[in-house]
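In what follows, a single structure is set out as structure tokens and then discussed.
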Amino acid sequence: MPPLLQRLQQDHRQLRTLLNLLEKSLDRFHRGIEPNYATLAEALEYLENYADQVHHPSEEMLVQSLRDQLKRNLPSPLEVLMRQHEVISELTGHFRQILEGIMQGEVLRRDVVEAQGRELVEVLRKHLQQEEISLFPLAQTQLREADWRALEAQFAQRIGPLVDGQDLARFQALYQHLLAQFQP
Ligand SMILES: [Fe+2]
Ligand SMILES: [Fe+2]
């Protein structure tokens with residue numbers, strides 16, 4: 001499997017783990033157990049930064065390569081998925097701001113907080129699943145080796161300077177740190 005696709009699938013596994021942790025926190029919150037808001041906000045910040053800087057731009061590059069390769073419009077669900085990236089970014093940022101507000105003493109209705117969190121979990125989970133059904137297999141069957149090489153070069157040029165190896169390592173370290181904090 002091309003390395004870019006491997007990285008995207010690995011990202012999805014990590015994002016899913018974060019979503020599961022977030023959902024567990026929401027279940028506990030529903031039962032009146034306060035989460036560690038700082039850890040949750042940190043998880044959301046990680047999700048937001050990594051998706052905006054690395055994951056979504058990589059997928060958008062992949063989709064552009066498919067557009068070029070197929071020389072026709074892509075199946076519309078794929079275009080919808082790419083437009084969803086902005087919505088996901090907004091939902092994530094909004095929920096993070098809610099959590100930061102609570103940390104600063106803002107009083108919010110618990111059902112509103114919970115509903116915002118659940119919406120994010122639901123939208124993002126569905127998004128990951130649909131990409132695995134419609135984007136990844138199409139890319140694997142349609143793109144040739146030369147396309148993958150061009151994509152790797154683009155990644156190195158466009159995303160690489162934004163997140164150098166050190167930043168990627170920092171993301172990984174933060175991810176591990178968050179997992180450890182969520183252990184009961
Ligand atoms: Fe995506
Ligand atoms: Fe994705």
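Chain lettering (A, B, ...) mirrors the order of the structure tokens, residue numbering begins at 1 for each chain separately, and ligand numbering begins at 1 in order of display.
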
Show me which residues line ligand 1, defined as having an atom within 9 Å of a ligand atom where only C-alpha atoms and all ligand atoms count, and present them as a list in words.
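Using only C-alpha atoms and all ligand atoms, I find these residues within 9 Å of ligand 1: Ala51, His55, His56, Pro57, Ser58, Glu59, Glu60, Leu81, Met82, Arg83, Gln84, His85, Ile88, Leu124, His127, Leu128, Gln130 and Glu131 of chain A.
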
File of the preceding selection, N, CA and C atoms, as a PDB file, in the first residue's frame:
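Generated output (result-v6.pdb):
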ATOM      1  N   ALA A  51      -5.672  17.729  12.189  1.00  0.00           N
ATOM      2  CA  ALA A  51      -6.573  17.594  11.036  1.00  0.00           C
ATOM      3  C   ALA A  51      -6.373  18.757  10.066  1.00  0.00           C
ATOM      4  N   HIS A  55      -3.782  16.149   8.185  1.00  0.00           N
ATOM      5  CA  HIS A  55      -4.668  15.109   7.653  1.00  0.00           C
ATOM      6  C   HIS A  55      -5.560  15.604   6.501  1.00  0.00           C
ATOM      7  N   HIS A  56      -6.293  16.674   6.744  1.00  0.00           N
ATOM      8  CA  HIS A  56      -7.206  17.153   5.688  1.00  0.00           C
ATOM      9  C   HIS A  56      -6.467  17.627   4.430  1.00  0.00           C
ATOM     10  N   PRO A  57      -5.383  18.402   4.566  1.00  0.00           N
ATOM     11  CA  PRO A  57      -4.670  18.796   3.338  1.00  0.00           C
ATOM     12  C   PRO A  57      -4.146  17.589   2.556  1.00  0.00           C
ATOM     13  N   SER A  58      -3.734  16.525   3.271  1.00  0.00           N
ATOM     14  CA  SER A  58      -3.258  15.321   2.564  1.00  0.00           C
ATOM     15  C   SER A  58      -4.397  14.700   1.754  1.00  0.00           C
ATOM     16  N   GLU A  59      -5.579  14.635   2.369  1.00  0.00           N
ATOM     17  CA  GLU A  59      -6.716  14.042   1.649  1.00  0.00           C
ATOM     18  C   GLU A  59      -7.128  14.917   0.477  1.00  0.00           C
ATOM     19  N   GLU A  60      -7.035  16.226   0.667  1.00  0.00           N
ATOM     20  CA  GLU A  60      -7.417  17.132  -0.425  1.00  0.00           C
ATOM     21  C   GLU A  60      -6.446  16.997  -1.605  1.00  0.00           C
ATOM     22  N   LEU A  81     -17.524  15.110   0.994  1.00  0.00           N
ATOM     23  CA  LEU A  81     -16.601  14.777   2.089  1.00  0.00           C
ATOM     24  C   LEU A  81     -15.516  15.846   2.226  1.00  0.00           C
ATOM     25  N   MET A  82     -14.995  16.322   1.095  1.00  0.00           N
ATOM     26  CA  MET A  82     -13.933  17.325   1.171  1.00  0.00           C
ATOM     27  C   MET A  82     -14.472  18.657   1.706  1.00  0.00           C
ATOM     28  N   ARG A  83     -15.712  18.989   1.322  1.00  0.00           N
ATOM     29  CA  ARG A  83     -16.289  20.247   1.846  1.00  0.00           C
ATOM     30  C   ARG A  83     -16.552  20.139   3.351  1.00  0.00           C
ATOM     31  N   GLN A  84     -16.769  18.900   3.805  1.00  0.00           N
ATOM     32  CA  GLN A  84     -17.039  18.685   5.238  1.00  0.00           C
ATOM     33  C   GLN A  84     -15.842  19.051   6.121  1.00  0.00           C
ATOM     34  N   HIS A  85     -14.636  19.091   5.555  1.00  0.00           N
ATOM     35  CA  HIS A  85     -13.449  19.379   6.373  1.00  0.00           C
ATOM     36  C   HIS A  85     -13.592  20.701   7.119  1.00  0.00           C
ATOM     37  N   ILE A  88     -16.029  20.269  10.023  1.00  0.00           N
ATOM     38  CA  ILE A  88     -15.413  19.518  11.125  1.00  0.00           C
ATOM     39  C   ILE A  88     -14.480  20.429  11.922  1.00  0.00           C
ATOM     40  N   LEU A 124     -17.725  13.400  12.830  1.00  0.00           N
ATOM     41  CA  LEU A 124     -16.358  12.993  12.478  1.00  0.00           C
ATOM     42  C   LEU A 124     -16.268  11.482  12.257  1.00  0.00           C
ATOM     43  N   HIS A 127     -17.676  10.676   8.961  1.00  0.00           N
ATOM     44  CA  HIS A 127     -16.766  11.171   7.925  1.00  0.00           C
ATOM     45  C   HIS A 127     -15.622  10.170   7.679  1.00  0.00           C
ATOM     46  N   LEU A 128     -15.028   9.690   8.750  1.00  0.00           N
ATOM     47  CA  LEU A 128     -13.920   8.728   8.638  1.00  0.00           C
ATOM     48  C   LEU A 128     -14.391   7.466   7.919  1.00  0.00           C
ATOM     49  N   GLN A 130     -16.963   7.079   5.889  1.00  0.00           N
ATOM     50  CA  GLN A 130     -17.276   7.274   4.475  1.00  0.00           C
ATOM     51  C   GLN A 130     -16.016   7.404   3.626  1.00  0.00           C
ATOM     52  N   GLU A 131     -14.983   8.016   4.184  1.00  0.00           N
ATOM     53  CA  GLU A 131     -13.730   8.109   3.421  1.00  0.00           C
ATOM     54  C   GLU A 131     -13.133   6.720   3.213  1.00  0.00           C
TER      55      GLU A 131
END

Residue contacts of A:His30 (10 Å, only C-alpha atoms) excluding same-chain residues fewer than 3 positions away, as a list of chain:residue names
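Here the qualifying residues turn out to be A:Lys24, A:Ser25, A:Leu26, A:Asp27, A:Ile33, A:Glu34, A:Arg110, A:Asp111, A:Val113, A:Glu114.
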
Would you mind writing down, as a PyMOL selection string, each residue of stretch 30-146 of chain A that DSSP on the backbone assigns to alpha helix (DSSP H)?
chain A and resi 30+37-50+56-70+76-103+110-130+136-142+145-146

Can you list, as a PyMOL selection string, every protein, DNA or RNA residue that comes within 9 Å of A:Gln142 when you count only C-alpha atoms, leaving out same-chain residues fewer than 3 positions away?
chain A and resi 66+69-70+137-139

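Picture a line from atom CA of A:Gln97 to atom CA of A:Gln53; it runs 19.1 Å.
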
By how many Å are atom CA of A:Glu106 and atom CA of A:Thr17 apart?
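That distance, rounded to one decimal, is 28.6 Å.
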
For A:Glu23, which of A:Leu78, A:Val121, A:Gln140, A:Ala173 is the closest residue, counting only C-alpha atoms?
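Checking each candidate against A:Glu23, we get A:Val121 as the closest.
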
Would you work out the distance separating atom CA of A:Met103 from atom CA of A:His177, expressed in Å to one decimal?
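Calculated distance between atom CA of A:Met103 and atom CA of A:His177 is 20.2 Å.
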
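Of the residues under consideration (A:Arg144, A:Lys126, A:Arg96, A:Arg109), A:Lys126 shows the shortest atom-to-atom contact distance to ligand 2 when counting only C-alpha atoms and all ligand atoms.
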
Need the shell around stretch 39-42 of chain A: protein/DNA/RNA residues with any atom at most 8 Å away, counting only C-alpha atoms. Skip same-chain ones fewer than 3 positions apart. Format as a PyMOL selection string?
chain A and resi 22+35-36+45-46+96+99-100+178+181

Using only C-alpha atoms, which of the listed residues (A:Tyr37, A:Arg31, A:Glu122, A:Tyr175) sits closest to A:Gly105?
A:Tyr37
